[in-house]
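Asker: Data file data.pdb (PDB, C-alpha atoms, pLDDT in the B column) is appended below.
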```pdb
ATOM      1  CA  MET A 263       0.000   0.000   0.000  1.00 59.00           C
ATOM      2  CA  ALA A 264       1.489   3.296  -1.091  1.00 93.00           C
ATOM      3  CA  PHE A 265      -1.234   5.643   0.196  1.00 97.00           C
ATOM      4  CA  PHE A 266      -1.231   6.521   3.896  1.00 98.00           C
ATOM      5  CA  PHE A 267      -4.331   8.168   5.375  1.00 98.00           C
ATOM      6  CA  ASP A 268      -4.199  10.386   8.443  1.00 97.00           C
ATOM      7  CA  LYS A 269      -7.326   8.743   9.885  1.00 97.00           C
ATOM      8  CA  ASP A 270      -5.458   5.419  10.117  1.00 97.00           C
ATOM      9  CA  ILE A 271      -2.321   6.814  11.792  1.00 97.00           C
ATOM     10  CA  GLU A 272      -1.791   6.657  15.553  1.00 96.00           C
ATOM     11  CA  LYS A 273       0.055   9.381  17.414  1.00 97.00           C
ATOM     12  CA  THR A 274       2.870   8.065  19.657  1.00 97.00           C
ATOM     13  CA  GLU A 275       3.727   9.997  22.802  1.00 96.00           C
ATOM     14  CA  MET A 276       7.530  10.451  22.929  1.00 95.00           C
ATOM     15  CA  ASP A 277       7.391  12.130  26.350  1.00 94.00           C
ATOM     16  CA  SER A 278       5.003  14.459  28.213  1.00 96.00           C
ATOM     17  CA  ARG A 279       5.802  17.362  25.857  1.00 97.00           C
ATOM     18  CA  SER A 280       6.215  15.711  22.460  1.00 98.00           C
ATOM     19  CA  SER A 281       4.507  13.196  20.204  1.00 98.00           C
ATOM     20  CA  ARG A 282       4.988  11.732  16.745  1.00 97.00           C
ATOM     21  CA  LYS A 283       3.040  10.334  13.800  1.00 98.00           C
ATOM     22  CA  VAL A 284       4.824   8.242  11.151  1.00 98.00           C
ATOM     23  CA  LEU A 285       3.088   9.665   8.062  1.00 98.00           C
ATOM     24  CA  ALA A 286       4.482   7.384   5.379  1.00 98.00           C
ATOM     25  CA  HIS A 287       7.429   5.091   4.932  1.00 97.00           C
ATOM     26  CA  GLY A 288       9.136   2.521   2.764  1.00 97.00           C
ATOM     27  CA  ARG A 289      12.656   1.181   2.640  1.00 96.00           C
ATOM     28  CA  ASP A 290      14.280   4.325   1.216  1.00 97.00           C
ATOM     29  CA  LEU A 291      12.308   7.134   2.816  1.00 98.00           C
ATOM     30  CA  MET A 292      10.159   8.025   5.850  1.00 98.00           C
ATOM     31  CA  ALA A 293       8.168  11.133   6.757  1.00 98.00           C
ATOM     32  CA  CYS A 294       7.039  11.909  10.315  1.00 98.00           C
ATOM     33  CA  HIS A 295       4.931  14.687  11.865  1.00 98.00           C
ATOM     34  CA  LEU A 296       6.118  15.841  15.309  1.00 98.00           C
ATOM     35  CA  TYR A 297       4.180  17.886  17.871  1.00 98.00           C
ATOM     36  CA  TYR A 298       5.985  19.785  20.656  1.00 98.00           C
ATOM     37  CA  GLU A 299       4.789  21.747  23.662  1.00 98.00           C
ATOM     38  CA  ALA A 300       7.017  24.630  24.806  1.00 98.00           C
ATOM     39  CA  GLY A 301       9.885  23.179  26.829  1.00 97.00           C
ATOM     40  CA  GLY A 302       9.876  19.908  24.924  1.00 97.00           C
ATOM     41  CA  THR A 303      13.289  18.672  23.834  1.00 97.00           C
ATOM     42  CA  GLY A 304      15.042  16.143  21.675  1.00 95.00           C
ATOM     43  CA  LEU A 305      18.342  15.467  23.410  1.00 95.00           C
ATOM     44  CA  PRO A 306      21.619  15.302  21.437  1.00 97.00           C
ATOM     45  CA  HIS A 307      21.746  12.105  19.367  1.00 97.00           C
ATOM     46  CA  THR A 308      23.054  10.646  16.133  1.00 97.00           C
ATOM     47  CA  HIS A 309      21.866   8.069  13.607  1.00 97.00           C
ATOM     48  CA  MET A 310      23.045   6.760  10.266  1.00 97.00           C
ATOM     49  CA  ASN A 311      19.923   8.104   8.520  1.00 98.00           C
ATOM     50  CA  THR A 312      20.216  11.410   6.697  1.00 98.00           C
ATOM     51  CA  GLN A 313      17.449  13.737   7.953  1.00 98.00           C
ATOM     52  CA  ILE A 314      15.707  16.977   7.019  1.00 98.00           C
ATOM     53  CA  THR A 315      13.615  18.784   9.649  1.00 98.00           C
ATOM     54  CA  THR A 316      11.151  21.435   8.426  1.00 98.00           C
ATOM     55  CA  ILE A 317       9.297  23.651  10.886  1.00 98.00           C
ATOM     56  CA  LEU A 318       5.542  24.011  10.261  1.00 98.00           C
ATOM     57  CA  SER A 319       4.693  26.228  13.229  1.00 98.00           C
ATOM     58  CA  GLY A 320       6.070  27.428  16.565  1.00 98.00           C
ATOM     59  CA  ARG A 321       9.663  28.310  17.415  1.00 98.00           C
ATOM     60  CA  PHE A 322      12.564  25.918  17.988  1.00 98.00           C
ATOM     61  CA  GLU A 323      16.242  26.111  18.917  1.00 98.00           C
ATOM     62  CA  PHE A 324      18.112  23.552  16.820  1.00 98.00           C
ATOM     63  CA  THR A 325      21.737  22.513  17.300  1.00 98.00           C
ATOM     64  CA  LEU A 326      23.625  20.628  14.586  1.00 98.00           C
ATOM     65  CA  SER A 327      27.273  19.650  15.007  1.00 96.00           C
ATOM     66  CA  GLY A 328      27.782  22.492  17.490  1.00 95.00           C
ATOM     67  CA  ASP A 329      26.014  25.217  15.458  1.00 97.00           C
ATOM     68  CA  THR A 330      22.761  26.572  16.886  1.00 97.00           C
ATOM     69  CA  ALA A 331      19.939  28.439  15.107  1.00 98.00           C
ATOM     70  CA  VAL A 332      16.400  29.493  15.988  1.00 98.00           C
ATOM     71  CA  LEU A 333      13.957  28.093  13.437  1.00 98.00           C
ATOM     72  CA  THR A 334      10.366  29.126  12.691  1.00 98.00           C
ATOM     73  CA  SER A 335       7.748  28.260  10.045  1.00 98.00           C
ATOM     74  CA  GLY A 336       9.333  27.385   6.696  1.00 97.00           C
ATOM     75  CA  ASP A 337      12.860  27.018   8.061  1.00 98.00           C
ATOM     76  CA  SER A 338      14.682  23.695   7.693  1.00 98.00           C
ATOM     77  CA  VAL A 339      17.882  21.901   8.584  1.00 98.00           C
ATOM     78  CA  TYR A 340      19.730  19.192   6.620  1.00 98.00           C
ATOM     79  CA  ILE A 341      21.383  16.654   8.938  1.00 98.00           C
ATOM     80  CA  PRO A 342      24.032  14.458   7.306  1.00 97.00           C
ATOM     81  CA  SER A 343      24.376  10.813   8.303  1.00 97.00           C
ATOM     82  CA  GLY A 344      26.041  10.583  11.719  1.00 97.00           C
ATOM     83  CA  ALA A 345      25.865  14.310  12.606  1.00 97.00           C
ATOM     84  CA  GLU A 346      24.913  15.046  16.233  1.00 97.00           C
ATOM     85  CA  HIS A 347      21.768  17.148  16.610  1.00 98.00           C
ATOM     86  CA  SER A 348      19.269  18.277  19.232  1.00 98.00           C
ATOM     87  CA  ILE A 349      16.145  20.412  19.454  1.00 98.00           C
ATOM     88  CA  ALA A 350      14.425  22.515  22.097  1.00 98.00           C
ATOM     89  CA  CYS A 351      10.903  23.872  21.639  1.00 98.00           C
ATOM     90  CA  LEU A 352      10.707  27.578  22.558  1.00 98.00           C
ATOM     91  CA  GLU A 353       7.063  28.052  21.510  1.00 98.00           C
ATOM     92  CA  LYS A 354       4.542  25.241  20.938  1.00 98.00           C
ATOM     93  CA  GLY A 355       4.741  23.992  17.376  1.00 98.00           C
ATOM     94  CA  GLU A 356       4.884  21.251  14.794  1.00 98.00           C
ATOM     95  CA  LEU A 357       7.493  19.998  12.343  1.00 98.00           C
ATOM     96  CA  ILE A 358       8.114  17.412   9.651  1.00 98.00           C
ATOM     97  CA  ASP A 359      11.088  15.050   9.967  1.00 98.00           C
ATOM     98  CA  VAL A 360      12.123  13.032   6.918  1.00 98.00           C
ATOM     99  CA  PHE A 361      14.737  10.293   6.849  1.00 98.00           C
ATOM    100  CA  THR A 362      16.613   8.249   4.298  1.00 98.00           C
ATOM    101  CA  PRO A 363      16.630   5.311   4.676  1.00 98.00           C
ATOM    102  CA  GLU A 364      13.552   4.858   6.898  1.00 97.00           C
ATOM    103  CA  ARG A 365      14.021   4.792  10.704  1.00 96.00           C
ATOM    104  CA  GLU A 366      13.435   1.113  11.432  1.00 94.00           C
ATOM    105  CA  ASP A 367      13.284   1.931  15.163  1.00 93.00           C
ATOM    106  CA  PHE A 368      10.082   3.962  14.514  1.00 93.00           C
ATOM    107  CA  ILE A 369       8.053   1.104  13.026  1.00 89.00           C
TER     108      ILE A 369
ATOM    109  CA  MET B 108      25.453  25.363   5.288  1.00 59.00           C
ATOM    110  CA  ALA B 109      22.979  23.000   6.906  1.00 93.00           C
ATOM    111  CA  PHE B 110      20.349  25.513   8.031  1.00 97.00           C
ATOM    112  CA  PHE B 111      17.907  26.833   5.407  1.00 98.00           C
ATOM    113  CA  PHE B 112      15.821  29.903   6.273  1.00 98.00           C
ATOM    114  CA  ASP B 113      12.469  30.607   4.639  1.00 97.00           C
ATOM    115  CA  LYS B 114      13.344  34.303   4.213  1.00 97.00           C
ATOM    116  CA  ASP B 115      16.205  33.324   1.856  1.00 97.00           C
ATOM    117  CA  ILE B 116      14.164  30.938  -0.311  1.00 97.00           C
ATOM    118  CA  GLU B 117      12.635  32.001  -3.621  1.00 96.00           C
ATOM    119  CA  LYS B 118       9.349  30.596  -4.840  1.00 97.00           C
ATOM    120  CA  THR B 119       9.489  29.217  -8.412  1.00 97.00           C
ATOM    121  CA  GLU B 120       6.342  29.335 -10.525  1.00 96.00           C
ATOM    122  CA  MET B 121       5.832  25.905 -12.140  1.00 95.00           C
ATOM    123  CA  ASP B 122       2.821  27.106 -14.144  1.00 94.00           C
ATOM    124  CA  SER B 123      -0.066  29.551 -13.637  1.00 96.00           C
ATOM    125  CA  ARG B 124      -1.634  27.355 -10.936  1.00 97.00           C
ATOM    126  CA  SER B 125       1.349  25.926  -9.050  1.00 98.00           C
ATOM    127  CA  SER B 126       4.630  27.022  -7.504  1.00 98.00           C
ATOM    128  CA  ARG B 127       7.461  25.462  -5.528  1.00 97.00           C
ATOM    129  CA  LYS B 128      10.041  26.273  -2.876  1.00 98.00           C
ATOM    130  CA  VAL B 129      13.067  23.996  -2.378  1.00 98.00           C
ATOM    131  CA  LEU B 130      13.183  24.057   1.434  1.00 98.00           C
ATOM    132  CA  ALA B 131      16.405  22.142   2.048  1.00 98.00           C
ATOM    133  CA  HIS B 132      18.626  19.760   0.177  1.00 97.00           C
ATOM    134  CA  GLY B 133      21.856  17.831   0.147  1.00 97.00           C
ATOM    135  CA  ARG B 134      23.090  14.875  -1.865  1.00 96.00           C
ATOM    136  CA  ASP B 135      20.873  12.264  -0.178  1.00 97.00           C
ATOM    137  CA  LEU B 136      17.681  14.154   0.546  1.00 98.00           C
ATOM    138  CA  MET B 137      15.555  17.133  -0.594  1.00 98.00           C
ATOM    139  CA  ALA B 138      12.390  18.714   0.826  1.00 98.00           C
ATOM    140  CA  CYS B 139      10.120  21.007  -1.211  1.00 98.00           C
ATOM    141  CA  HIS B 140       6.971  22.992  -0.416  1.00 98.00           C
ATOM    142  CA  LEU B 141       4.408  23.109  -3.226  1.00 98.00           C
ATOM    143  CA  TYR B 142       1.463  25.480  -3.605  1.00 98.00           C
ATOM    144  CA  TYR B 143      -1.511  24.653  -5.866  1.00 98.00           C
ATOM    145  CA  GLU B 144      -4.578  26.553  -6.968  1.00 98.00           C
ATOM    146  CA  ALA B 145      -7.714  24.503  -7.721  1.00 98.00           C
ATOM    147  CA  GLY B 146      -7.342  23.004 -11.189  1.00 97.00           C
ATOM    148  CA  GLY B 147      -3.549  22.861 -10.958  1.00 97.00           C
ATOM    149  CA  THR B 148      -2.013  19.597 -12.103  1.00 97.00           C
ATOM    150  CA  GLY B 149       1.200  17.623 -12.149  1.00 95.00           C
ATOM    151  CA  LEU B 150       0.980  15.479 -15.277  1.00 95.00           C
ATOM    152  CA  PRO B 151       1.979  11.778 -15.209  1.00 97.00           C
ATOM    153  CA  HIS B 152       5.750  11.430 -14.896  1.00 97.00           C
ATOM    154  CA  THR B 153       8.478   9.226 -13.469  1.00 97.00           C
ATOM    155  CA  HIS B 154      11.918   9.751 -11.949  1.00 97.00           C
ATOM    156  CA  MET B 155      14.555   7.598 -10.335  1.00 97.00           C
ATOM    157  CA  ASN B 156      14.179   9.447  -7.008  1.00 98.00           C
ATOM    158  CA  THR B 157      12.010   7.825  -4.342  1.00 98.00           C
ATOM    159  CA  GLN B 158       9.396  10.383  -3.189  1.00 98.00           C
ATOM    160  CA  ILE B 159       6.932  10.968  -0.368  1.00 98.00           C
ATOM    161  CA  THR B 160       4.176  13.562  -0.825  1.00 98.00           C
ATOM    162  CA  THR B 161       2.375  14.792   2.311  1.00 98.00           C
ATOM    163  CA  ILE B 162      -0.691  17.038   2.051  1.00 98.00           C
ATOM    164  CA  LEU B 163      -0.681  20.082   4.355  1.00 98.00           C
ATOM    165  CA  SER B 164      -3.977  21.619   3.248  1.00 98.00           C
ATOM    166  CA  GLY B 165      -6.537  21.501   0.454  1.00 98.00           C
ATOM    167  CA  ARG B 166      -7.756  18.465  -1.468  1.00 98.00           C
ATOM    168  CA  PHE B 167      -5.908  16.539  -4.178  1.00 98.00           C
ATOM    169  CA  GLU B 168      -6.539  13.585  -6.472  1.00 98.00           C
ATOM    170  CA  PHE B 169      -3.336  11.541  -6.660  1.00 98.00           C
ATOM    171  CA  THR B 170      -2.658   8.668  -9.053  1.00 98.00           C
ATOM    172  CA  LEU B 171       0.200   6.238  -8.474  1.00 97.00           C
ATOM    173  CA  SER B 172       0.851   3.322 -10.825  1.00 96.00           C
ATOM    174  CA  GLY B 173      -2.802   3.337 -11.910  1.00 95.00           C
ATOM    175  CA  ASP B 174      -4.318   3.602  -8.383  1.00 97.00           C
ATOM    176  CA  THR B 175      -6.124   6.848  -7.547  1.00 97.00           C
ATOM    177  CA  ALA B 176      -6.976   8.306  -4.121  1.00 98.00           C
ATOM    178  CA  VAL B 177      -8.268  11.642  -2.837  1.00 98.00           C
ATOM    179  CA  LEU B 178      -5.852  13.065  -0.263  1.00 98.00           C
ATOM    180  CA  THR B 179      -6.413  15.778   2.335  1.00 98.00           C
ATOM    181  CA  SER B 180      -4.416  17.233   5.249  1.00 98.00           C
ATOM    182  CA  GLY B 181      -2.178  14.636   6.891  1.00 97.00           C
ATOM    183  CA  ASP B 182      -2.499  12.074   4.083  1.00 98.00           C
ATOM    184  CA  SER B 183       0.632  10.908   2.246  1.00 98.00           C
ATOM    185  CA  VAL B 184       1.796   8.732  -0.614  1.00 98.00           C
ATOM    186  CA  TYR B 185       5.064   6.788  -0.945  1.00 98.00           C
ATOM    187  CA  ILE B 186       6.306   6.717  -4.542  1.00 98.00           C
ATOM    188  CA  PRO B 187       8.951   4.087  -5.292  1.00 97.00           C
ATOM    189  CA  SER B 188      11.771   4.858  -7.705  1.00 97.00           C
ATOM    190  CA  GLY B 189      10.457   4.784 -11.281  1.00 97.00           C
ATOM    191  CA  ALA B 190       6.728   4.614 -10.417  1.00 97.00           C
ATOM    192  CA  GLU B 191       4.471   6.784 -12.610  1.00 97.00           C
ATOM    193  CA  HIS B 192       2.457   9.368 -10.678  1.00 98.00           C
ATOM    194  CA  SER B 193       0.311  12.454 -11.216  1.00 98.00           C
ATOM    195  CA  ILE B 194      -1.661  14.938  -9.146  1.00 98.00           C
ATOM    196  CA  ALA B 195      -4.691  17.162  -9.655  1.00 98.00           C
ATOM    197  CA  CYS B 196      -5.668  19.872  -7.192  1.00 98.00           C
ATOM    198  CA  LEU B 197      -9.393  19.729  -6.355  1.00 98.00           C
ATOM    199  CA  GLU B 198      -9.304  22.481  -3.700  1.00 98.00           C
ATOM    200  CA  LYS B 199      -6.492  25.041  -3.269  1.00 98.00           C
ATOM    201  CA  GLY B 200      -3.802  23.686  -0.982  1.00 98.00           C
ATOM    202  CA  GLU B 201      -0.209  22.999  -0.099  1.00 98.00           C
ATOM    203  CA  LEU B 202       1.965  19.909   0.212  1.00 98.00           C
ATOM    204  CA  ILE B 203       5.468  18.762   1.058  1.00 98.00           C
ATOM    205  CA  ASP B 204       7.412  16.652  -1.470  1.00 98.00           C
ATOM    206  CA  VAL B 205      10.560  14.879  -0.290  1.00 98.00           C
ATOM    207  CA  PHE B 206      13.007  13.014  -2.495  1.00 98.00           C
ATOM    208  CA  THR B 207      15.946  10.676  -2.104  1.00 98.00           C
ATOM    209  CA  PRO B 208      18.408  11.366  -3.577  1.00 98.00           C
ATOM    210  CA  GLU B 209      17.884  15.104  -4.194  1.00 97.00           C
ATOM    211  CA  ARG B 210      16.254  16.228  -7.477  1.00 96.00           C
ATOM    212  CA  GLU B 211      19.225  17.725  -9.283  1.00 94.00           C
ATOM    213  CA  ASP B 212      16.843  19.212 -11.869  1.00 93.00           C
ATOM    214  CA  PHE B 213      15.358  21.443  -9.125  1.00 93.00           C
ATOM    215  CA  ILE B 214      18.598  23.186  -8.197  1.00 89.00           C
TER     216      ILE B 214
END
```
Is it possible to express this structure as structure tokens?

Answerer:
Amino acid sequence: MAFFFDKDIEKTEMDSRSSRKVLAHGRDLMACHLYYEAGGTGLPHTHMNTQITTILSGRFEFTLSGDTAVLTSGDSVYIPSGAEHSIACLEKGELIDVFTPEREDFI
Amino acid sequence: MAFFFDKDIEKTEMDSRSSRKVLAHGRDLMACHLYYEAGGTGLPHTHMNTQITTILSGRFEFTLSGDTAVLTSGDSVYIPSGAEHSIACLEKGELIDVFTPEREDFI
């Protein structure tokens, strides 16, 4: 099945201030929708998957390989395979995370 | 540069009813934001890049390898490398297209 319908997708609580939907995925590519309350964080981590994060709403502080930027709607970050990154939500918001290949730990 | 800021990104008109921003890209991955007016179309085409399309708003008829579905906010489609696909905008809206590897013809 190549179509993925929002009505069929469960939201997974990551912690008390963040949750995630896996929107669509296959071997080569995965898209996720993340929801953060202010104060929510993604602690520094790495993975072999290349990632792009795109902010839909809210305000986030993003750190990639030691560089930090404040991102708002329409801003993005490209995260090469193995690069350490973290996020802190400054104002409640949503973002899209995409990965290649798919994050097998999310399914 | 791994951060991409919306204020620096130009919108490219694809035709009179659709336009595109390349949000972020690197060798392995690209994210684009597309804007459609009702009646806008993406005619049937193929490419070697694997793609996910996620609808942000509006209403679209999407055809993938002969299967058609109507997609609205939060719905997605996973398009394997080489699979023929097309889109027709039924109600004005926006979507995110992601590709692996990046679409070199977009940059």

Asker: What would the selection look like, as a PyMOL selection string, if the PyMOL selection byres ((chain B and resi 130) around 7) were run on the coordinates I just shared?

Answerer: (chain A and resi 338) or (chain B and resi 111+128-129+131+138-140)

Asker: Apply the ChimeraX specification (/A :<8) & /B to the file shown and report the selected residues as a VMD selection string.

Answerer: chain B and resid 109 to 113 130 to 133 135 to 138 157 to 159 161 176 178 180 to 186 205 to 207

Asker: Dump C-alpha atoms for the selected residues as a PDB file, in the coordinates of the input?

Answerer:
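As written to disk, result_16.pdb reads:
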```pdb
ATOM      1  CA  ALA B 109      22.979  23.000   6.906  1.00 93.00           C
ATOM      2  CA  PHE B 110      20.349  25.513   8.031  1.00 97.00           C
ATOM      3  CA  PHE B 111      17.907  26.833   5.407  1.00 98.00           C
ATOM      4  CA  PHE B 112      15.821  29.903   6.273  1.00 98.00           C
ATOM      5  CA  ASP B 113      12.469  30.607   4.639  1.00 97.00           C
ATOM      6  CA  LEU B 130      13.183  24.057   1.434  1.00 98.00           C
ATOM      7  CA  ALA B 131      16.405  22.142   2.048  1.00 98.00           C
ATOM      8  CA  HIS B 132      18.626  19.760   0.177  1.00 97.00           C
ATOM      9  CA  GLY B 133      21.856  17.831   0.147  1.00 97.00           C
ATOM     10  CA  ASP B 135      20.873  12.264  -0.178  1.00 97.00           C
ATOM     11  CA  LEU B 136      17.681  14.154   0.546  1.00 98.00           C
ATOM     12  CA  MET B 137      15.555  17.133  -0.594  1.00 98.00           C
ATOM     13  CA  ALA B 138      12.390  18.714   0.826  1.00 98.00           C
ATOM     14  CA  THR B 157      12.010   7.825  -4.342  1.00 98.00           C
ATOM     15  CA  GLN B 158       9.396  10.383  -3.189  1.00 98.00           C
ATOM     16  CA  ILE B 159       6.932  10.968  -0.368  1.00 98.00           C
ATOM     17  CA  THR B 161       2.375  14.792   2.311  1.00 98.00           C
ATOM     18  CA  ALA B 176      -6.976   8.306  -4.121  1.00 98.00           C
ATOM     19  CA  LEU B 178      -5.852  13.065  -0.263  1.00 98.00           C
ATOM     20  CA  SER B 180      -4.416  17.233   5.249  1.00 98.00           C
ATOM     21  CA  GLY B 181      -2.178  14.636   6.891  1.00 97.00           C
ATOM     22  CA  ASP B 182      -2.499  12.074   4.083  1.00 98.00           C
ATOM     23  CA  SER B 183       0.632  10.908   2.246  1.00 98.00           C
ATOM     24  CA  VAL B 184       1.796   8.732  -0.614  1.00 98.00           C
ATOM     25  CA  TYR B 185       5.064   6.788  -0.945  1.00 98.00           C
ATOM     26  CA  ILE B 186       6.306   6.717  -4.542  1.00 98.00           C
ATOM     27  CA  VAL B 205      10.560  14.879  -0.290  1.00 98.00           C
ATOM     28  CA  PHE B 206      13.007  13.014  -2.495  1.00 98.00           C
ATOM     29  CA  THR B 207      15.946  10.676  -2.104  1.00 98.00           C
TER      30      THR B 207
END
```

Asker: Report, in Å to a single decimal, how far apart CA of His347 (chain A) and CA of Leu202 (chain B) are.

Answerer: 25.9 Å

Asker: Expressed in Å to a single decimal, how great is the separation between CA of Leu141 (chain B) and CA of Ser280 (chain A)?

Answerer: 26.8 Å

Asker: Would you place a box with edges along x, y and z of the file around all atoms of region 356-368 of chain A listed there, add 5 Å to each of its six sides, and report the centre and edge lengths in Å to one decimal, as lines of an AutoDock Vina configuration file?

Answerer:
```
center_x = 10.8
center_y = 11.2
center_z = 9.7
size_x = 21.7
size_y = 30.1
size_z = 20.9
```
